[in-house]
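K.L.:
Just one file: data05.cif, with mmCIF, C-alpha atoms.
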```cif
data_target
loop_
_atom_site.label_atom_id
_atom_site.label_comp_id
_atom_site.auth_asym_id
_atom_site.auth_seq_id
_atom_site.Cartn_x
_atom_site.Cartn_y
_atom_site.Cartn_z
CA MET A 1 -29.54 80.16 3.81
CA SER A 2 -29.41 87.24 3.56
CA GLY A 3 -27.21 84.40 2.09
CA PRO A 4 -28.32 80.87 1.91
CA VAL A 5 -28.15 78.56 4.85
CA LEU A 6 -28.23 74.90 4.25
CA PRO A 7 -31.85 74.50 3.52
CA ARG A 8 -33.03 72.49 6.35
CA ARG A 9 -30.31 73.69 7.45
CA GLY A 10 -28.13 76.58 7.46
CA PHE A 11 -25.24 74.94 5.73
CA LEU A 12 -24.60 77.12 2.79
CA ALA A 13 -22.74 79.50 5.02
CA ALA A 14 -20.35 76.89 6.23
CA ALA A 15 -19.87 75.50 2.76
CA ALA A 16 -19.20 78.83 1.13
CA GLY A 17 -17.77 80.92 3.92
CA LEU A 18 -21.01 82.81 4.30
CA ALA A 19 -21.18 82.67 8.09
CA ALA A 20 -22.22 86.29 8.22
CA ALA A 21 -25.24 85.44 6.13
CA LEU A 22 -26.44 83.14 8.85
CA THR A 23 -26.89 86.03 11.25
CA LEU A 24 -30.57 85.75 11.83
CA ALA A 25 -32.40 87.91 14.32
CA ALA A 26 -29.95 88.41 17.14
CA CYS A 27 -31.40 87.93 20.59
CA GLY A 28 -28.24 87.75 22.62
CA GLY A 29 -28.26 86.84 26.25
CA GLU A 30 -31.67 85.24 26.44
CA THR A 31 -31.81 83.16 29.58
CA ALA A 32 -35.23 81.56 29.74
CA ALA A 33 -35.24 79.20 32.66
CA PRO A 34 -35.13 75.51 31.81
CA GLY A 35 -38.40 73.73 32.33
CA GLY A 36 -37.24 71.28 34.95
CA SER A 37 -36.05 67.80 34.11
CA ALA A 38 -35.16 67.00 30.53
CA ALA A 39 -36.37 63.44 30.88
CA PRO A 40 -39.34 62.71 28.60
CA THR A 41 -42.69 62.47 30.33
CA GLY A 42 -43.41 58.90 31.33
CA SER A 43 -40.08 57.73 30.00
CA ALA A 44 -37.95 54.89 31.22
CA ALA A 45 -35.18 57.45 31.61
CA ALA A 46 -37.18 59.09 34.35
CA THR A 47 -37.86 55.85 36.21
CA SER A 48 -36.09 52.53 36.62
CA GLY A 49 -34.30 52.82 33.25
CA ALA A 50 -32.25 55.69 34.66
CA ALA A 51 -30.28 53.23 36.74
CA GLN A 52 -29.25 51.21 33.70
CA SER A 53 -26.24 51.87 31.52
CA TRP A 54 -26.83 53.69 28.23
CA THR A 55 -25.14 53.36 24.85
CA PHE A 56 -25.69 54.94 21.46
CA THR A 57 -23.60 54.90 18.29
CA ASP A 58 -23.89 58.16 16.38
CA ASP A 59 -23.24 58.91 12.70
CA ARG A 60 -19.56 59.57 13.33
CA GLY A 61 -19.33 55.92 14.24
CA LYS A 62 -18.73 57.05 17.80
CA LYS A 63 -20.10 54.75 20.50
CA ILE A 64 -21.25 56.82 23.46
CA GLU A 65 -21.52 55.04 26.79
CA GLN A 66 -22.98 56.44 30.01
CA PRO A 67 -23.64 54.77 33.35
CA LYS A 68 -27.27 55.93 33.15
CA THR A 69 -29.66 57.28 30.51
CA PRO A 70 -28.99 60.98 29.85
CA SER A 71 -31.76 63.26 31.11
CA ARG A 72 -30.18 66.74 30.88
CA ILE A 73 -29.90 67.13 27.12
CA VAL A 74 -28.75 70.18 25.18
CA ALA A 75 -29.51 70.23 21.45
CA GLN A 76 -28.97 72.31 18.33
CA VAL A 77 -32.37 73.66 17.28
CA GLY A 78 -32.89 71.23 14.40
CA ALA A 79 -32.00 68.28 16.62
CA ALA A 80 -34.13 69.69 19.44
CA ALA A 81 -37.15 70.04 17.12
CA ALA A 82 -36.83 66.43 15.99
CA LEU A 83 -36.34 65.02 19.47
CA TRP A 84 -39.18 67.11 20.90
CA ASP A 85 -41.66 65.54 18.49
CA PHE A 86 -40.58 62.09 19.69
CA GLY A 87 -41.10 63.12 23.32
CA VAL A 88 -37.61 64.16 24.46
CA ARG A 89 -37.46 67.48 26.34
CA PRO A 90 -34.05 69.22 26.21
CA VAL A 91 -33.04 71.65 28.95
CA ALA A 92 -31.38 74.03 26.47
CA VAL A 93 -31.01 74.76 22.76
CA PHE A 94 -28.53 76.59 20.56
CA GLY A 95 -28.93 77.99 17.06
CA PRO A 96 -31.79 80.10 15.63
CA HIS A 97 -34.75 79.78 17.97
CA LYS A 98 -35.98 83.32 18.65
CA LEU A 99 -36.88 86.12 16.22
CA LYS A 100 -36.32 89.86 16.76
CA ASP A 101 -39.81 90.30 18.15
CA GLY A 102 -39.23 87.54 20.69
CA SER A 103 -41.44 85.01 18.91
CA LYS A 104 -40.28 81.53 18.03
CA ASP A 105 -38.10 80.92 14.99
CA PRO A 106 -39.73 78.26 12.77
CA GLN A 107 -36.48 76.26 12.82
CA VAL A 108 -37.09 75.23 16.42
CA GLY A 109 -40.32 73.44 15.49
CA ASN A 110 -42.65 72.57 18.36
CA VAL A 111 -40.08 73.23 21.09
CA ASP A 112 -41.51 75.46 23.82
CA ILE A 113 -38.75 78.07 24.01
CA THR A 114 -40.16 79.42 27.29
CA LYS A 115 -39.17 76.12 28.90
CA VAL A 116 -35.63 75.76 27.61
CA GLN A 117 -32.55 77.88 28.05
CA GLY A 118 -31.08 79.57 24.99
CA LEU A 119 -27.32 79.24 24.74
CA GLY A 120 -26.98 81.06 21.43
CA ASN A 121 -29.28 82.36 18.72
CA VAL A 122 -26.93 83.14 15.85
CA TRP A 123 -23.97 81.61 14.06
CA ASP A 124 -20.82 81.28 16.22
CA GLU A 125 -22.71 82.12 19.42
CA PHE A 126 -22.65 79.54 22.23
CA ASN A 127 -22.56 80.50 25.90
CA VAL A 128 -20.07 77.97 27.27
CA GLU A 129 -20.39 79.22 30.85
CA GLN A 130 -24.14 78.68 30.85
CA TYR A 131 -23.65 75.29 29.21
CA ILE A 132 -21.29 74.17 31.97
CA ALA A 133 -23.67 75.48 34.66
CA LEU A 134 -26.48 73.33 33.23
CA GLN A 135 -24.47 70.18 34.01
CA PRO A 136 -25.59 68.49 30.78
CA ASP A 137 -25.49 64.73 30.24
CA LEU A 138 -25.49 64.88 26.43
CA LEU A 139 -25.26 67.36 23.54
CA VAL A 140 -27.01 66.47 20.25
CA SER A 141 -26.53 68.17 16.89
CA SER A 142 -27.04 67.50 13.21
CA MET A 143 -24.05 67.36 10.86
CA TYR A 144 -23.65 68.53 7.28
CA ILE A 145 -19.98 67.57 7.25
CA LYS A 146 -19.12 64.33 9.00
CA GLY A 147 -17.49 65.06 12.33
CA THR A 148 -18.59 68.70 12.44
CA LEU A 149 -21.49 69.38 14.80
CA TRP A 150 -23.74 72.06 13.35
CA TYR A 151 -23.67 75.37 15.23
CA VAL A 152 -21.00 74.20 17.69
CA PRO A 153 -18.39 76.99 17.31
CA GLU A 154 -14.94 75.86 16.26
CA LYS A 155 -13.36 78.26 18.78
CA SER A 156 -15.03 76.57 21.77
CA LYS A 157 -15.56 73.05 20.39
CA ASP A 158 -12.87 71.40 22.51
CA THR A 159 -14.19 72.90 25.75
CA ILE A 160 -17.79 72.00 24.89
CA GLU A 161 -16.88 68.39 24.13
CA GLN A 162 -15.09 68.05 27.48
CA VAL A 163 -18.20 69.01 29.42
CA ALA A 164 -20.45 66.17 28.25
CA PRO A 165 -20.61 63.48 25.53
CA THR A 166 -21.82 64.65 22.12
CA ALA A 167 -23.91 62.85 19.49
CA GLY A 168 -24.04 63.79 15.81
CA VAL A 169 -26.74 62.89 13.26
CA MET A 170 -25.65 63.11 9.61
CA LEU A 171 -27.86 64.93 7.11
CA THR A 172 -25.88 65.15 3.88
CA GLY A 173 -26.15 62.27 1.43
CA ARG A 174 -29.21 60.77 3.10
CA SER A 175 -32.94 60.82 2.63
CA ALA A 176 -35.24 62.40 5.16
CA THR A 177 -36.55 58.95 6.04
CA GLN A 178 -33.06 57.84 7.06
CA VAL A 179 -32.45 60.97 9.15
CA ILE A 180 -35.81 60.70 10.88
CA GLY A 181 -35.06 57.06 11.60
CA LYS A 182 -31.77 57.97 13.30
CA TYR A 183 -33.48 60.56 15.51
CA GLU A 184 -36.18 58.00 16.29
CA GLU A 185 -33.50 55.50 17.31
CA LEU A 186 -31.83 58.07 19.58
CA ALA A 187 -35.14 59.14 21.11
CA LYS A 188 -36.04 55.54 21.94
CA THR A 189 -32.74 55.01 23.76
CA LEU A 190 -33.52 58.16 25.77
CA GLY A 191 -36.85 56.70 26.85
CA ALA A 192 -39.11 58.89 24.71
CA ASP A 193 -42.83 58.10 24.95
CA MET A 194 -43.37 58.25 21.14
CA GLN A 195 -46.83 59.74 21.69
CA GLY A 196 -48.48 60.54 18.36
CA VAL A 197 -45.64 59.01 16.34
CA PRO A 198 -47.57 56.13 14.65
CA GLU A 199 -50.30 58.48 13.45
CA ALA A 200 -47.77 61.04 12.16
CA LYS A 201 -45.79 58.32 10.38
CA ALA A 202 -48.95 57.16 8.61
CA ARG A 203 -49.69 60.75 7.53
CA MET A 204 -46.16 61.18 6.19
CA GLU A 205 -46.32 57.93 4.24
CA ALA A 206 -49.70 58.85 2.74
CA ALA A 207 -48.50 62.29 1.64
CA THR A 208 -45.32 60.78 0.20
CA LYS A 209 -47.35 58.41 -1.99
CA GLU A 210 -49.36 61.34 -3.34
CA LEU A 211 -46.23 63.01 -4.72
CA ALA A 212 -45.98 60.48 -7.56
CA GLN A 213 -48.94 62.11 -9.32
CA PHE A 214 -46.81 65.22 -9.93
CA LYS A 215 -43.92 63.48 -11.69
CA ASN A 216 -44.54 65.46 -14.91
CA LEU A 217 -43.87 68.80 -13.21
CA LYS A 218 -40.34 70.23 -13.45
CA ILE A 219 -39.55 71.75 -10.06
CA LEU A 220 -36.83 74.26 -9.17
CA MET A 221 -35.87 74.68 -5.50
CA MET A 222 -34.08 77.86 -4.54
CA SER A 223 -33.20 80.45 -1.94
CA GLY A 224 -32.94 84.19 -2.55
CA GLY A 225 -30.55 86.84 -1.27
CA PRO A 226 -30.20 90.57 -2.02
CA ASP A 227 -27.66 90.05 -4.81
CA ALA A 228 -27.99 86.42 -5.82
CA MET A 229 -30.24 83.40 -5.96
CA TRP A 230 -29.08 79.94 -5.06
CA VAL A 231 -30.28 76.86 -6.94
CA VAL A 232 -29.93 73.94 -4.58
CA ASN A 233 -28.21 70.70 -5.54
CA PRO A 234 -30.77 67.95 -4.74
CA PRO A 235 -28.50 65.05 -3.72
CA GLU A 236 -27.11 67.05 -0.80
CA TYR A 237 -30.40 67.65 0.98
CA PRO A 238 -32.36 64.93 2.82
CA ASP A 239 -35.73 66.54 2.19
CA ILE A 240 -35.10 66.86 -1.56
CA VAL A 241 -33.74 63.31 -1.79
CA HIS A 242 -37.00 62.18 -0.20
CA LEU A 243 -39.05 64.16 -2.74
CA MET A 244 -37.12 62.73 -5.67
CA ASP A 245 -37.36 59.20 -4.29
CA ALA A 246 -41.13 59.77 -4.21
CA GLY A 247 -41.18 60.68 -7.91
CA LEU A 248 -40.70 64.45 -8.17
CA ASP A 249 -38.55 65.84 -10.99
CA VAL A 250 -36.30 68.42 -9.31
CA VAL A 251 -33.85 70.56 -11.30
CA LYS A 252 -30.22 69.68 -10.68
CA PRO A 253 -27.84 72.56 -11.48
CA ALA A 254 -25.36 71.94 -14.30
CA LYS A 255 -22.51 73.05 -12.09
CA VAL A 256 -22.28 73.74 -8.38
CA ASP A 257 -20.17 75.97 -6.20
CA GLU A 258 -17.37 74.69 -4.00
CA GLY A 259 -18.86 72.41 -1.37
CA GLY A 260 -21.43 71.00 -3.77
CA PHE A 261 -24.57 72.30 -2.10
CA PHE A 262 -25.82 74.88 -4.59
CA GLN A 263 -25.15 77.01 -7.64
CA THR A 264 -25.01 80.76 -7.24
CA LEU A 265 -26.69 82.78 -9.98
CA SER A 266 -27.05 86.52 -10.40
CA TRP A 267 -30.66 87.66 -10.47
CA GLU A 268 -30.08 88.63 -14.11
CA ASN A 269 -29.50 84.92 -14.78
CA ALA A 270 -32.50 83.69 -12.83
CA ASP A 271 -33.84 82.18 -16.05
CA GLU A 272 -30.95 79.69 -16.31
CA TYR A 273 -33.27 76.72 -15.79
CA ASP A 274 -36.77 75.96 -17.03
CA ALA A 275 -39.32 74.95 -14.44
CA ASP A 276 -43.07 74.54 -14.10
CA VAL A 277 -42.95 75.16 -10.36
CA ILE A 278 -40.54 77.10 -8.14
CA LEU A 279 -40.25 76.25 -4.44
CA TYR A 280 -38.63 79.05 -2.44
CA ASP A 281 -36.86 78.90 0.90
CA THR A 282 -39.14 80.37 3.58
CA ARG A 283 -36.60 80.95 6.32
CA THR A 284 -36.22 84.41 7.83
CA GLN A 285 -32.81 85.08 6.25
CA SER A 286 -34.11 84.45 2.72
CA LEU A 287 -35.91 86.97 0.53
CA LYS A 288 -39.70 86.97 0.65
CA PRO A 289 -41.64 86.50 -2.63
CA GLU A 290 -42.54 90.20 -2.82
CA GLU A 291 -38.83 91.03 -2.62
CA MET A 292 -37.87 88.49 -5.28
CA LEU A 293 -40.60 89.80 -7.57
CA LYS A 294 -38.70 93.10 -7.72
CA LYS A 295 -35.98 91.26 -9.66
CA PRO A 296 -37.07 91.69 -13.33
CA THR A 297 -35.71 88.44 -14.73
CA PHE A 298 -37.19 86.41 -11.90
CA ALA A 299 -40.57 88.14 -12.19
CA LYS A 300 -40.76 87.16 -15.87
CA LEU A 301 -40.20 83.44 -15.28
CA PRO A 302 -43.13 81.36 -16.60
CA ALA A 303 -43.65 79.65 -13.25
CA VAL A 304 -43.74 83.01 -11.45
CA LYS A 305 -46.12 84.56 -13.99
CA ALA A 306 -48.35 81.48 -13.68
CA GLY A 307 -48.51 81.89 -9.91
CA GLN A 308 -46.73 78.57 -9.38
CA LEU A 309 -44.32 79.92 -6.78
CA TYR A 310 -44.81 77.98 -3.56
CA PRO A 311 -43.11 77.88 -0.14
CA TRP A 312 -40.45 75.34 0.73
CA ASN A 313 -40.07 74.68 4.43
CA ALA A 314 -36.34 74.13 4.33
CA GLU A 315 -36.15 73.59 8.09
CA ALA A 316 -38.98 71.11 8.69
CA PRO A 317 -38.09 69.08 11.79
CA TYR A 318 -36.70 65.61 11.08
CA SER A 319 -39.65 63.90 12.71
CA TYR A 320 -42.74 62.20 11.33
CA GLN A 321 -44.86 65.10 12.60
CA GLY A 322 -42.61 67.67 10.95
CA TYR A 323 -42.52 65.90 7.61
CA ALA A 324 -46.20 65.02 7.56
CA ALA A 325 -47.06 68.72 7.79
CA PHE A 326 -44.40 69.71 5.23
CA LEU A 327 -45.45 67.09 2.66
CA GLU A 328 -49.19 67.67 3.10
CA GLY A 329 -48.69 71.37 2.44
CA LEU A 330 -46.56 70.63 -0.62
CA VAL A 331 -49.12 68.21 -2.04
CA ALA A 332 -51.87 70.80 -1.61
CA ASN A 333 -49.83 73.38 -3.53
CA LEU A 334 -48.75 71.04 -6.33
CA LYS A 335 -52.37 70.08 -6.92
CA LYS A 336 -52.89 73.70 -8.04
CA ALA A 337 -49.99 73.60 -10.51
CA LYS A 338 -49.90 72.57 -14.17
CA GLU A 339 -47.26 71.88 -16.79
CA LEU A 340 -46.24 75.00 -18.67
CA PRO A 341 -45.59 75.31 -22.41
#
```
Let me see the file written as structure tokens.
P.N.:
Amino acid sequence: MSGPVLPRRGFLAAAAGLAAALTLAACGGETAAPGGSAAPTGSAAATSGAAQSWTFTDDRGKKIEQPKTPSRIVAQVGAAAALWDFGVRPVAVFGPHKLKDGSKDPQVGNVDITKVQGLGNVWDEFNVEQYIALQPDLLVSSMYIKGTLWYVPEKSKDTIEQVAPTAGVMLTGRSATQVIGKYEELAKTLGADMQGVPEAKARMEAATKELAQFKNLKILMMSGGPDAMWVVNPPEYPDIVHLMDAGLDVVKPAKVDEGGFFQTLSWENADEYDADVILYDTRTQSLKPEEMLKKPTFAKLPAVKAGQLYPWNAEAPYSYQGYAAFLEGLVANLKKAKELP
């Protein structure tokens, strides 16, 4: 989210018809060879479990049944990042995963993009022919609207869903803990080894407990574009729901745009809400701090003048590893902040 994208997760474009704003660095036609089998290392899916039938009920209420555990998995980048941290290795990804310089987009998390095939890097891009050639067993994607798989183009949705079963994990209206739990459930059915998961879960829980000490800070979470800033609506975002459940006081806009995900303000009205701390969207399509500081009203905000402008990783993977790192960084920054007059 140059326009907002659903923080953690590109959605603002879909909600507000800002699909063009989601055009991140275009790297069309990338065809990195898949890194062999998608089955997790040491997983039951790769051994005797592969001969057993497999079932999973996704967040559409759809029960997916297969004669054997899927091993050739294709995933939207957010889903791929979550599954990767649990030990699942997709053969391909779609959605923002490669920047203009060829380096990895932060949205793809720990996924090794040299070992997966890229089927699309920008909004509305999905190479159906390559997808079919991969002979996938399962496609996994997050959902911001129930029933709509994120980054699966409407124009080719029917064809894509005929190739292999699809699984959707709902983000909107849930806490990060719930979303992570759903990805954990899916990963376990796929035979993931869960290596490092207990330690990461303990780190996430510890960092979450630390957030309560900052309950007196008023926090504004936003994303910036060339002509507008977007104040996010907390209940719609799993990561912000998690922060508020942990005790943080996050600004909720008085009114929101159609779709309910954010309120659009002109930069001249950037002082609409008081805040001690501002957390800004760090994704590549959002303005950098030095660009936002060129907006006079924004630059004069007390939180900005106090240096209490900190990054918000709006695309942290929905895994314990992803959230442990996100929350630890946030705690470190908030420890530097103070209430403002």
K.L.:
Any idea what the distance is between atom CA of A:Ser71 and atom CA of A:Asp137?
P.N.:
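Atom-to-atom, atom CA of A:Ser71 to atom CA of A:Asp137, that is 6.5 Å.
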K.L.:
Tell me which protein, DNA and RNA residues are within 8 Å of A:Met221, counting all atoms listed in the file, leaving out same-chain ones fewer than 4 positions away, and put them as a PyMOL selection string.
P.N.:
chain A and resi 231-232+250-251+278-281+312
K.L.:
Once you have the residues from the selection above, write them out as a tab-separated table (two decimals), in the frame of the given file, restricted to C-alpha atoms.
P.N.:
```tsv
chain	number	residue	atom	x	y	z
A	231	VAL	CA	-30.28	76.86	-6.94
A	232	VAL	CA	-29.93	73.94	-4.58
A	250	VAL	CA	-36.30	68.42	-9.31
A	251	VAL	CA	-33.85	70.56	-11.30
A	278	ILE	CA	-40.54	77.10	-8.14
A	279	LEU	CA	-40.25	76.25	-4.44
A	280	TYR	CA	-38.63	79.05	-2.44
A	281	ASP	CA	-36.86	78.90	0.90
A	312	TRP	CA	-40.45	75.34	0.73
```
K.L.:
Taking a cut-off of 12 Å and counting only C-alpha atoms, can you build a table that, for each residue of stretch 93-162 of chain A near stretch 61-70 of chain A, reports the nearest atom pair and how far apart they are in Å (one decimal), sorted by chain then residue number, as CSV?
P.N.:
```
residue,atom,partner,partner_atom,distance
A:Gln135,CA,A:Pro70,CA,11.1
A:Pro136,CA,A:Pro70,CA,8.3
A:Asp137,CA,A:Pro70,CA,5.1
A:Leu138,CA,A:Pro70,CA,6.3
A:Leu139,CA,A:Pro70,CA,9.7
A:Val140,CA,A:Pro70,CA,11.2
A:Lys146,CA,A:Gly61,CA,9.9
A:Gly147,CA,A:Gly61,CA,9.5
```
K.L.:
May I ask which of the residues A:Met143, A:Ala167, A:Met194, A:Leu149 is the closest one to A:Gly87, counting all atoms listed in the file?
P.N.:
A:Met194
K.L.:
Suppose you want the space between atom CA of A:Thr57 and atom CA of A:Phe326; what is it in Å?
P.N.:
28.7 Å
K.L.:
Hey, what's within 9 Å of A:Thr177 if we count all atoms listed in the file and toss same-chain stuff fewer than 2 positions away? As a list in words, please?
P.N.:
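Contacts, in chain order: Arg174, Ser175, Val179, Ile180, Gly181, Lys182, Pro238, Asp239, His242, Tyr318, Ser319 and Tyr320 of chain A.
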K.L.:
Just checking: using all atoms listed in the file, which residue out of A:Ala324, A:Val77, A:Ala299, A:Leu83 ends up closest to A:Lys188?
P.N.:
A:Leu83
K.L.:
Spell out the residues picked by the PyMOL selection byres ((chain A and resi 214-216) around 10) here, as a list in words.
P.N.:
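When the PyMOL selection byres ((chain A and resi 214-216) around 10) is applied to the shown file, the picked residues are Glu210, Leu211, Ala212, Gln213, Leu217, Lys218, Ile219, Met244, Ala246, Gly247, Leu248, Asp249, Val250, Asp276, Val331, Leu334, Lys335, Ala337, Lys338 and Glu339 of chain A.
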K.L.:
I'd like to see the residues matched by the PyMOL selection byres ((chain A and resi 304) around 12) on this file, and ideally I'd get them as number ranges by chain.
P.N.:
A: 220, 270-271, 274-280, 289-290, 292-303, 305-310, 337, 340
K.L.:
Could you check how far atom CA of A:Asn269 sits from atom CA of A:Gln285, in Å to one decimal?
P.N.:
21.3 Å
K.L.:
Check what the PyMOL selection byres ((chain A and resi 106) around 9) selects in the file above and give those residues as number ranges by chain.
P.N.:
A: 96-98, 104-105, 107-110, 283-284, 315-316
K.L.:
For A:Trp84, find every residue with an atom within 8 Å (counting only C-alpha atoms), except residues of its own chain fewer than 5 positions away, and show them as number ranges by chain.
P.N.:
A: 89-90, 110-111
K.L.:
For A:Ile132, list every protein, DNA or RNA residue within 10 Å, evaluated using only C-alpha atoms, and leave out those in the same chain fewer than 5 positions away; present the list as a PyMOL selection string.
P.N.:
chain A and resi 127+159-160+162-164
K.L.:
If we count all atoms listed in the file, what is near A:Glu328 at a cut-off of 9 Å, once residues fewer than 6 positions away on the same chain are taken out, given as a list of chain:residue names?
P.N.:
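In the requested format, the answer is A:Arg203, A:Met204, A:Ala206, A:Ala207, A:Thr208.
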